[in-house]
Amino acid sequence: MGKIGVWLIGARGSVATTAIAGAAALRAGLAARTGCVTELPDFAGAALPGLGDLVFGGHDVVDTPLVKRAEQLAAAGVLPAALPGPVTAELEAAEARLRPAPSGGGRAAA
């Protein structure tokens, strides 16, 4: 199986940053896979992509870098305090794939 893109709207928000940092932590063996439904025996033959196959990107209206956002979330107790450092490279790789959110230009709903 090839790489699978995960495109997040609001990619620098709390939920998206937590998802990206969490996937990076799991890939690096820094977090247990406890609670990962796809790890259950029922899904063993489902041919689902592995965490290493996921490539994160997305859009956002804010420009706070993912690393800085992860540090803020760690300071607030949302992410483990020591997590941002070890996953910085993955956060920076995802950051390189983020784009400004499209603005206006669309038609109003009728």
# chains A, B, ... in the order shown; residues from 1 in each chain; ligands from 1
$ select_by_dssp --residues "chain A" --states "alpha helix (DSSP H)" --output "JSON, numbers by chain"
{"A": [14, 15, 16, 17, 18, 19, 20, 21, 22, 23, 24, 25, 26, 27, 66, 67, 68, 69, 70, 71, 72, 73, 74, 75, 88, 89, 90, 91, 92, 93, 94, 95]}
$ residues_around --residues "Ala21 (chain A)" --least-positions-apart "3" --cutoff "12 Å" --atoms "only C-alpha atoms" --output "mmCIF file with all heavy atoms, in the first residue's frame"
data_model
loop_
_atom_site.group_PDB
_atom_site.id
_atom_site.type_symbol
_atom_site.label_atom_id
_atom_site.label_comp_id
_atom_site.auth_asym_id
_atom_site.auth_seq_id
_atom_site.Cartn_x
_atom_site.Cartn_y
_atom_site.Cartn_z
ATOM 1 N N ALA A 11 -5.742 22.831 10.314
ATOM 2 C CA ALA A 11 -4.607 21.940 10.567
ATOM 3 C C ALA A 11 -3.678 22.392 11.688
ATOM 4 O O ALA A 11 -2.877 21.598 12.168
ATOM 5 C CB ALA A 11 -3.804 21.750 9.283
ATOM 6 N N ARG A 12 -3.767 23.644 12.098
ATOM 7 C CA ARG A 12 -2.932 24.100 13.212
ATOM 8 C C ARG A 12 -3.742 24.249 14.505
ATOM 9 O O ARG A 12 -3.253 24.799 15.482
ATOM 10 C CB ARG A 12 -2.264 25.425 12.857
ATOM 11 C CG ARG A 12 -1.249 25.288 11.732
ATOM 12 C CD ARG A 12 -0.556 26.612 11.457
ATOM 13 N NE ARG A 12 0.368 26.489 10.365
ATOM 14 C CZ ARG A 12 0.161 26.978 9.133
ATOM 15 N NH1 ARG A 12 -0.958 27.614 8.852
ATOM 16 N NH2 ARG A 12 1.075 26.825 8.201
ATOM 17 N N GLY A 13 -4.950 23.743 14.500
ATOM 18 C CA GLY A 13 -5.793 23.786 15.691
ATOM 19 C C GLY A 13 -5.409 22.706 16.689
ATOM 20 O O GLY A 13 -4.554 21.853 16.426
ATOM 21 N N SER A 14 -6.066 22.729 17.822
ATOM 22 C CA SER A 14 -5.749 21.786 18.905
ATOM 23 C C SER A 14 -5.979 20.333 18.503
ATOM 24 O O SER A 14 -5.137 19.469 18.760
ATOM 25 C CB SER A 14 -6.578 22.103 20.149
ATOM 26 O OG SER A 14 -6.270 23.392 20.624
ATOM 27 N N VAL A 15 -7.121 20.050 17.883
ATOM 28 C CA VAL A 15 -7.438 18.670 17.527
ATOM 29 C C VAL A 15 -6.476 18.150 16.459
ATOM 30 O O VAL A 15 -5.923 17.054 16.583
ATOM 31 C CB VAL A 15 -8.906 18.551 17.055
ATOM 32 C CG1 VAL A 15 -9.200 17.163 16.505
ATOM 33 C CG2 VAL A 15 -9.852 18.878 18.200
ATOM 34 N N ALA A 16 -6.251 18.937 15.423
ATOM 35 C CA ALA A 16 -5.361 18.500 14.347
ATOM 36 C C ALA A 16 -3.925 18.348 14.844
ATOM 37 O O ALA A 16 -3.249 17.357 14.529
ATOM 38 C CB ALA A 16 -5.422 19.482 13.182
ATOM 39 N N THR A 17 -3.446 19.305 15.620
ATOM 40 C CA THR A 17 -2.081 19.226 16.145
ATOM 41 C C THR A 17 -1.922 18.005 17.033
ATOM 42 O O THR A 17 -0.910 17.292 16.962
ATOM 43 C CB THR A 17 -1.720 20.509 16.922
ATOM 44 O OG1 THR A 17 -1.875 21.633 16.063
ATOM 45 C CG2 THR A 17 -0.288 20.458 17.436
ATOM 46 N N THR A 18 -2.920 17.729 17.856
ATOM 47 C CA THR A 18 -2.878 16.552 18.727
ATOM 48 C C THR A 18 -2.856 15.274 17.891
ATOM 49 O O THR A 18 -2.115 14.333 18.203
ATOM 50 C CB THR A 18 -4.074 16.557 19.692
ATOM 51 O OG1 THR A 18 -3.997 17.743 20.499
ATOM 52 C CG2 THR A 18 -4.068 15.342 20.593
ATOM 53 N N ALA A 24 2.726 10.786 15.277
ATOM 54 C CA ALA A 24 4.197 10.804 15.304
ATOM 55 C C ALA A 24 4.721 10.060 16.528
ATOM 56 O O ALA A 24 5.701 9.304 16.441
ATOM 57 C CB ALA A 24 4.709 12.246 15.286
ATOM 58 N N ALA A 25 4.066 10.261 17.670
ATOM 59 C CA ALA A 25 4.481 9.577 18.895
ATOM 60 C C ALA A 25 4.303 8.066 18.765
ATOM 61 O O ALA A 25 5.180 7.292 19.179
ATOM 62 C CB ALA A 25 3.684 10.095 20.088
ATOM 63 N N LEU A 26 3.209 7.634 18.176
ATOM 64 C CA LEU A 26 2.984 6.205 17.969
ATOM 65 C C LEU A 26 4.023 5.622 17.024
ATOM 66 O O LEU A 26 4.568 4.549 17.271
ATOM 67 C CB LEU A 26 1.576 5.964 17.420
ATOM 68 C CG LEU A 26 0.441 6.164 18.425
ATOM 69 C CD1 LEU A 26 -0.898 6.216 17.710
ATOM 70 C CD2 LEU A 26 0.460 5.065 19.471
ATOM 71 N N ARG A 27 4.318 6.329 15.936
ATOM 72 C CA ARG A 27 5.324 5.850 14.976
ATOM 73 C C ARG A 27 6.695 5.706 15.625
ATOM 74 O O ARG A 27 7.447 4.798 15.298
ATOM 75 C CB ARG A 27 5.428 6.807 13.785
ATOM 76 C CG ARG A 27 4.313 6.688 12.810
ATOM 77 C CD ARG A 27 4.623 7.443 11.539
ATOM 78 N NE ARG A 27 4.241 8.832 11.599
ATOM 79 C CZ ARG A 27 3.340 9.392 10.793
ATOM 80 N NH1 ARG A 27 2.737 8.680 9.873
ATOM 81 N NH2 ARG A 27 3.054 10.653 10.900
ATOM 82 N N ALA A 28 7.004 6.637 16.532
ATOM 83 C CA ALA A 28 8.312 6.632 17.187
ATOM 84 C C ALA A 28 8.361 5.691 18.392
ATOM 85 O O ALA A 28 9.405 5.573 19.030
ATOM 86 C CB ALA A 28 8.670 8.052 17.622
ATOM 87 N N LEU A 30 6.786 6.176 21.158
ATOM 88 C CA LEU A 30 6.745 6.988 22.372
ATOM 89 C C LEU A 30 5.409 6.897 23.092
ATOM 90 O O LEU A 30 5.252 7.444 24.176
ATOM 91 C CB LEU A 30 7.022 8.461 22.022
ATOM 92 C CG LEU A 30 8.379 8.737 21.375
ATOM 93 C CD1 LEU A 30 8.447 10.177 20.909
ATOM 94 C CD2 LEU A 30 9.502 8.425 22.347
ATOM 95 N N ALA A 31 4.448 6.246 22.462
ATOM 96 C CA ALA A 31 3.117 6.083 23.054
ATOM 97 C C ALA A 31 2.629 4.675 22.762
ATOM 98 O O ALA A 31 2.955 4.096 21.719
ATOM 99 C CB ALA A 31 2.151 7.116 22.472
ATOM 100 N N LEU A 51 0.256 3.442 10.370
ATOM 101 C CA LEU A 51 0.582 4.819 10.746
ATOM 102 C C LEU A 51 1.720 5.389 9.912
ATOM 103 O O LEU A 51 1.743 6.573 9.613
ATOM 104 C CB LEU A 51 0.943 4.884 12.231
ATOM 105 C CG LEU A 51 -0.232 4.760 13.188
ATOM 106 C CD1 LEU A 51 0.259 4.597 14.613
ATOM 107 C CD2 LEU A 51 -1.138 5.967 13.073
ATOM 108 N N PHE A 56 0.426 13.819 6.665
ATOM 109 C CA PHE A 56 -0.475 14.884 7.094
ATOM 110 C C PHE A 56 -0.197 16.197 6.364
ATOM 111 O O PHE A 56 0.941 16.568 6.126
ATOM 112 C CB PHE A 56 -0.334 15.112 8.603
ATOM 113 C CG PHE A 56 -0.854 13.964 9.419
ATOM 114 C CD1 PHE A 56 -0.009 12.940 9.824
ATOM 115 C CD2 PHE A 56 -2.194 13.898 9.776
ATOM 116 C CE1 PHE A 56 -0.480 11.874 10.579
ATOM 117 C CE2 PHE A 56 -2.681 12.835 10.517
ATOM 118 C CZ PHE A 56 -1.818 11.816 10.921
ATOM 119 N N LEU A 66 3.155 24.406 13.682
ATOM 120 C CA LEU A 66 2.729 23.219 14.420
ATOM 121 C C LEU A 66 3.602 22.942 15.641
ATOM 122 O O LEU A 66 3.091 22.536 16.687
ATOM 123 C CB LEU A 66 2.720 21.992 13.508
ATOM 124 C CG LEU A 66 1.550 21.892 12.540
ATOM 125 C CD1 LEU A 66 1.767 20.726 11.582
ATOM 126 C CD2 LEU A 66 0.250 21.724 13.292
ATOM 127 N N VAL A 67 4.901 23.137 15.519
ATOM 128 C CA VAL A 67 5.788 22.891 16.663
ATOM 129 C C VAL A 67 5.416 23.818 17.818
ATOM 130 O O VAL A 67 5.298 23.375 18.965
ATOM 131 C CB VAL A 67 7.273 23.063 16.272
ATOM 132 C CG1 VAL A 67 8.171 23.028 17.493
ATOM 133 C CG2 VAL A 67 7.689 22.001 15.274
ATOM 134 N N LYS A 68 5.208 25.093 17.520
ATOM 135 C CA LYS A 68 4.825 26.056 18.558
ATOM 136 C C LYS A 68 3.470 25.688 19.157
ATOM 137 O O LYS A 68 3.274 25.740 20.372
ATOM 138 C CB LYS A 68 4.785 27.468 17.967
ATOM 139 C CG LYS A 68 4.396 28.533 18.943
ATOM 140 C CD LYS A 68 5.459 28.708 19.998
ATOM 141 C CE LYS A 68 5.134 29.907 20.873
ATOM 142 N NZ LYS A 68 6.003 29.980 22.033
ATOM 143 N N ARG A 69 2.531 25.282 18.308
ATOM 144 C CA ARG A 69 1.197 24.894 18.802
ATOM 145 C C ARG A 69 1.303 23.665 19.701
ATOM 146 O O ARG A 69 0.656 23.596 20.742
ATOM 147 C CB ARG A 69 0.259 24.623 17.623
ATOM 148 C CG ARG A 69 -1.149 24.354 18.043
ATOM 149 C CD ARG A 69 -1.786 25.611 18.666
ATOM 150 N NE ARG A 69 -3.096 25.262 19.179
ATOM 151 C CZ ARG A 69 -3.519 25.526 20.412
ATOM 152 N NH1 ARG A 69 -2.746 26.181 21.262
ATOM 153 N NH2 ARG A 69 -4.703 25.165 20.799
ATOM 154 N N ALA A 70 2.128 22.696 19.319
ATOM 155 C CA ALA A 70 2.323 21.505 20.148
ATOM 156 C C ALA A 70 2.939 21.890 21.500
ATOM 157 O O ALA A 70 2.554 21.348 22.539
ATOM 158 C CB ALA A 70 3.190 20.486 19.426
ATOM 159 N N GLU A 71 3.874 22.819 21.491
ATOM 160 C CA GLU A 71 4.474 23.285 22.743
ATOM 161 C C GLU A 71 3.422 23.950 23.627
ATOM 162 O O GLU A 71 3.408 23.761 24.847
ATOM 163 C CB GLU A 71 5.623 24.248 22.453
ATOM 164 C CG GLU A 71 6.828 23.564 21.837
ATOM 165 C CD GLU A 71 7.861 24.545 21.289
ATOM 166 O OE1 GLU A 71 7.578 25.776 21.201
ATOM 167 O OE2 GLU A 71 8.956 24.076 20.914
ATOM 168 N N LEU A 73 0.197 23.310 23.596
ATOM 169 C CA LEU A 73 -0.679 22.246 24.090
ATOM 170 C C LEU A 73 0.000 21.451 25.205
ATOM 171 O O LEU A 73 -0.663 21.031 26.158
ATOM 172 C CB LEU A 73 -1.100 21.327 22.946
ATOM 173 C CG LEU A 73 -2.052 21.971 21.928
ATOM 174 C CD1 LEU A 73 -2.209 21.079 20.703
ATOM 175 C CD2 LEU A 73 -3.395 22.272 22.563
ATOM 176 N N ALA A 74 1.300 21.259 25.103
ATOM 177 C CA ALA A 74 2.038 20.573 26.171
ATOM 178 C C ALA A 74 2.048 21.423 27.442
ATOM 179 O O ALA A 74 1.846 20.902 28.544
ATOM 180 C CB ALA A 74 3.455 20.251 25.712
ATOM 181 N N VAL A 78 -2.373 19.316 27.620
ATOM 182 C CA VAL A 78 -3.126 18.524 26.635
ATOM 183 C C VAL A 78 -2.245 17.422 26.058
ATOM 184 O O VAL A 78 -2.693 16.290 25.889
ATOM 185 C CB VAL A 78 -3.677 19.431 25.510
ATOM 186 C CG1 VAL A 78 -4.373 18.615 24.433
ATOM 187 C CG2 VAL A 78 -4.625 20.477 26.098
ATOM 188 N N LEU A 79 -1.016 17.748 25.745
ATOM 189 C CA LEU A 79 -0.016 16.776 25.278
ATOM 190 C C LEU A 79 0.985 16.540 26.405
ATOM 191 O O LEU A 79 1.197 17.435 27.233
ATOM 192 C CB LEU A 79 0.739 17.309 24.055
ATOM 193 C CG LEU A 79 -0.041 17.470 22.764
ATOM 194 C CD1 LEU A 79 0.841 18.118 21.693
ATOM 195 C CD2 LEU A 79 -0.571 16.146 22.276
ATOM 196 N N PRO A 80 1.607 15.369 26.441
ATOM 197 C CA PRO A 80 2.672 15.160 27.442
ATOM 198 C C PRO A 80 3.759 16.228 27.297
ATOM 199 O O PRO A 80 4.137 16.583 26.168
ATOM 200 C CB PRO A 80 3.211 13.773 27.102
ATOM 201 C CG PRO A 80 2.074 13.088 26.410
ATOM 202 C CD PRO A 80 1.374 14.171 25.636
ATOM 203 N N ALA A 82 6.913 16.327 27.537
ATOM 204 C CA ALA A 82 8.140 15.984 26.824
ATOM 205 C C ALA A 82 7.907 15.619 25.359
ATOM 206 O O ALA A 82 8.864 15.354 24.640
ATOM 207 C CB ALA A 82 8.842 14.832 27.530
ATOM 208 N N LEU A 83 6.677 15.592 24.879
ATOM 209 C CA LEU A 83 6.400 15.095 23.532
ATOM 210 C C LEU A 83 6.856 16.004 22.390
ATOM 211 O O LEU A 83 7.411 15.501 21.407
ATOM 212 C CB LEU A 83 4.915 14.770 23.360
ATOM 213 C CG LEU A 83 4.535 14.163 22.012
ATOM 214 C CD1 LEU A 83 5.265 12.843 21.788
ATOM 215 C CD2 LEU A 83 3.042 13.978 21.910
ATOM 216 N N PRO A 84 6.655 17.316 22.436
ATOM 217 C CA PRO A 84 6.999 18.114 21.256
ATOM 218 C C PRO A 84 8.440 17.949 20.761
ATOM 219 O O PRO A 84 8.664 17.863 19.559
ATOM 220 C CB PRO A 84 6.724 19.545 21.707
ATOM 221 C CG PRO A 84 5.632 19.393 22.724
ATOM 222 C CD PRO A 84 5.992 18.122 23.461
ATOM 223 N N GLY A 85 9.384 17.861 21.645
ATOM 224 C CA GLY A 85 10.788 17.724 21.226
ATOM 225 C C GLY A 85 11.041 16.524 20.328
ATOM 226 O O GLY A 85 11.537 16.668 19.213
ATOM 227 N N PRO A 86 10.700 15.320 20.770
ATOM 228 C CA PRO A 86 10.982 14.131 19.965
ATOM 229 C C PRO A 86 10.209 14.046 18.645
ATOM 230 O O PRO A 86 10.619 13.318 17.746
ATOM 231 C CB PRO A 86 10.594 12.968 20.874
ATOM 232 C CG PRO A 86 10.628 13.505 22.255
ATOM 233 C CD PRO A 86 10.265 14.958 22.129
ATOM 234 N N VAL A 87 9.096 14.768 18.518
ATOM 235 C CA VAL A 87 8.320 14.678 17.272
ATOM 236 C C VAL A 87 8.440 15.948 16.419
ATOM 237 O O VAL A 87 7.707 16.133 15.452
ATOM 238 C CB VAL A 87 6.828 14.338 17.546
ATOM 239 C CG1 VAL A 87 6.714 12.985 18.246
ATOM 240 C CG2 VAL A 87 6.123 15.428 18.335
ATOM 241 N N THR A 88 9.393 16.810 16.763
ATOM 242 C CA THR A 88 9.571 18.066 16.033
ATOM 243 C C THR A 88 9.760 17.843 14.535
ATOM 244 O O THR A 88 9.152 18.549 13.721
ATOM 245 C CB THR A 88 10.758 18.862 16.612
ATOM 246 O OG1 THR A 88 10.414 19.291 17.933
ATOM 247 C CG2 THR A 88 11.092 20.078 15.773
ATOM 248 N N ALA A 89 10.570 16.892 14.146
ATOM 249 C CA ALA A 89 10.822 16.677 12.708
ATOM 250 C C ALA A 89 9.531 16.321 11.962
ATOM 251 O O ALA A 89 9.287 16.824 10.855
ATOM 252 C CB ALA A 89 11.863 15.583 12.507
ATOM 253 N N GLU A 90 8.688 15.497 12.566
ATOM 254 C CA GLU A 90 7.428 15.137 11.901
ATOM 255 C C GLU A 90 6.471 16.324 11.865
ATOM 256 O O GLU A 90 5.758 16.521 10.879
ATOM 257 C CB GLU A 90 6.778 13.933 12.581
ATOM 258 C CG GLU A 90 7.513 12.650 12.271
ATOM 259 C CD GLU A 90 6.576 11.460 12.226
ATOM 260 O OE1 GLU A 90 5.503 11.562 11.611
ATOM 261 O OE2 GLU A 90 6.958 10.438 12.803
ATOM 262 N N LEU A 91 6.447 17.111 12.926
ATOM 263 C CA LEU A 91 5.605 18.307 12.926
ATOM 264 C C LEU A 91 6.073 19.295 11.856
ATOM 265 O O LEU A 91 5.255 19.891 11.155
ATOM 266 C CB LEU A 91 5.607 18.964 14.315
ATOM 267 C CG LEU A 91 4.937 18.178 15.437
ATOM 268 C CD1 LEU A 91 5.212 18.833 16.787
ATOM 269 C CD2 LEU A 91 3.445 18.041 15.194
ATOM 270 N N GLU A 92 7.377 19.448 11.719
ATOM 271 C CA GLU A 92 7.913 20.347 10.699
ATOM 272 C C GLU A 92 7.626 19.831 9.294
ATOM 273 O O GLU A 92 7.347 20.614 8.374
ATOM 274 C CB GLU A 92 9.412 20.555 10.903
ATOM 275 C CG GLU A 92 9.721 21.398 12.135
ATOM 276 C CD GLU A 92 11.196 21.487 12.459
ATOM 277 O OE1 GLU A 92 11.994 20.650 11.972
ATOM 278 O OE2 GLU A 92 11.560 22.396 13.235
ATOM 279 N N ALA A 93 7.673 18.522 9.103
ATOM 280 C CA ALA A 93 7.354 17.941 7.794
ATOM 281 C C ALA A 93 5.895 18.201 7.444
ATOM 282 O O ALA A 93 5.568 18.566 6.302
ATOM 283 C CB ALA A 93 7.655 16.444 7.785
ATOM 284 N N ALA A 94 5.002 18.040 8.415
ATOM 285 C CA ALA A 94 3.582 18.336 8.178
ATOM 286 C C ALA A 94 3.397 19.831 7.929
ATOM 287 O O ALA A 94 2.634 20.225 7.039
ATOM 288 C CB ALA A 94 2.741 17.871 9.367
ATOM 289 N N GLU A 95 4.096 20.651 8.680
ATOM 290 C CA GLU A 95 4.013 22.112 8.508
ATOM 291 C C GLU A 95 4.335 22.516 7.070
ATOM 292 O O GLU A 95 3.682 23.387 6.500
ATOM 293 C CB GLU A 95 4.979 22.802 9.482
ATOM 294 C CG GLU A 95 4.997 24.306 9.388
ATOM 295 C CD GLU A 95 3.717 24.952 9.907
ATOM 296 O OE1 GLU A 95 3.118 24.452 10.872
ATOM 297 O OE2 GLU A 95 3.327 25.985 9.325
#
$ select_by_dssp --residues "chain A" --states "strand (DSSP E)" --output "PyMOL selection string"
chain A and resi 4-9+54-60+98-100
$ atom_distance --atom1 "CA of Lys3 (chain A)" --atom2 "CA of Pro102 (chain A)"
25.1 Å
$ residues_around --residues "Gly50 (chain A)" --least-positions-apart "6" --cutoff "12 Å" --atoms "only C-alpha atoms" --output "list in words"
Met1, Gly2, Lys3, Ile4, Ala23, Leu26, Arg27, Cys36, Thr38, Glu39, Phe43 and Ala44 of chain A
$ write_last_selection --atoms "N, CA and C atoms" --output "PDB file, in the first residue's frame"
ATOM      1  N   MET A   1       0.842  -1.175   0.000  1.00  0.00           N
ATOM      2  CA  MET A   1       0.000   0.000   0.000  1.00  0.00           C
ATOM      3  C   MET A   1       0.884   1.234   0.000  1.00  0.00           C
ATOM      4  N   GLY A   2       0.477   2.254  -0.741  1.00  0.00           N
ATOM      5  CA  GLY A   2       1.240   3.498  -0.812  1.00  0.00           C
ATOM      6  C   GLY A   2       0.893   4.442   0.322  1.00  0.00           C
ATOM      7  N   LYS A   3       1.378   5.646   0.204  1.00  0.00           N
ATOM      8  CA  LYS A   3       1.100   6.675   1.211  1.00  0.00           C
ATOM      9  C   LYS A   3      -0.342   7.148   1.085  1.00  0.00           C
ATOM     10  N   ILE A   4      -0.921   7.522   2.208  1.00  0.00           N
ATOM     11  CA  ILE A   4      -2.291   8.010   2.279  1.00  0.00           C
ATOM     12  C   ILE A   4      -2.254   9.427   2.846  1.00  0.00           C
ATOM     13  N   ALA A  23       0.105  10.694  16.182  1.00  0.00           N
ATOM     14  CA  ALA A  23       0.547   9.723  15.176  1.00  0.00           C
ATOM     15  C   ALA A  23       2.072   9.640  15.157  1.00  0.00           C
ATOM     16  N   LEU A  26       3.209   7.634  18.176  1.00  0.00           N
ATOM     17  CA  LEU A  26       2.984   6.205  17.969  1.00  0.00           C
ATOM     18  C   LEU A  26       4.023   5.622  17.024  1.00  0.00           C
ATOM     19  N   ARG A  27       4.318   6.329  15.936  1.00  0.00           N
ATOM     20  CA  ARG A  27       5.324   5.850  14.976  1.00  0.00           C
ATOM     21  C   ARG A  27       6.695   5.706  15.625  1.00  0.00           C
ATOM     22  N   CYS A  36      -6.239   2.048  20.174  1.00  0.00           N
ATOM     23  CA  CYS A  36      -6.268   2.148  18.710  1.00  0.00           C
ATOM     24  C   CYS A  36      -7.134   1.009  18.175  1.00  0.00           C
ATOM     25  N   THR A  38      -7.868   0.076  15.280  1.00  0.00           N
ATOM     26  CA  THR A  38      -7.293  -0.670  14.162  1.00  0.00           C
ATOM     27  C   THR A  38      -6.271  -1.707  14.597  1.00  0.00           C
ATOM     28  N   GLU A  39      -5.887  -1.681  15.860  1.00  0.00           N
ATOM     29  CA  GLU A  39      -4.955  -2.675  16.391  1.00  0.00           C
ATOM     30  C   GLU A  39      -5.673  -3.933  16.880  1.00  0.00           C
ATOM     31  N   PHE A  43      -9.583  -6.345  13.001  1.00  0.00           N
ATOM     32  CA  PHE A  43      -9.132  -5.568  11.859  1.00  0.00           C
ATOM     33  C   PHE A  43      -7.841  -6.108  11.237  1.00  0.00           C
ATOM     34  N   ALA A  44      -7.354  -7.227  11.729  1.00  0.00           N
ATOM     35  CA  ALA A  44      -6.068  -7.771  11.281  1.00  0.00           C
ATOM     36  C   ALA A  44      -6.011  -7.991   9.772  1.00  0.00           C
TER      37      ALA A  44
END
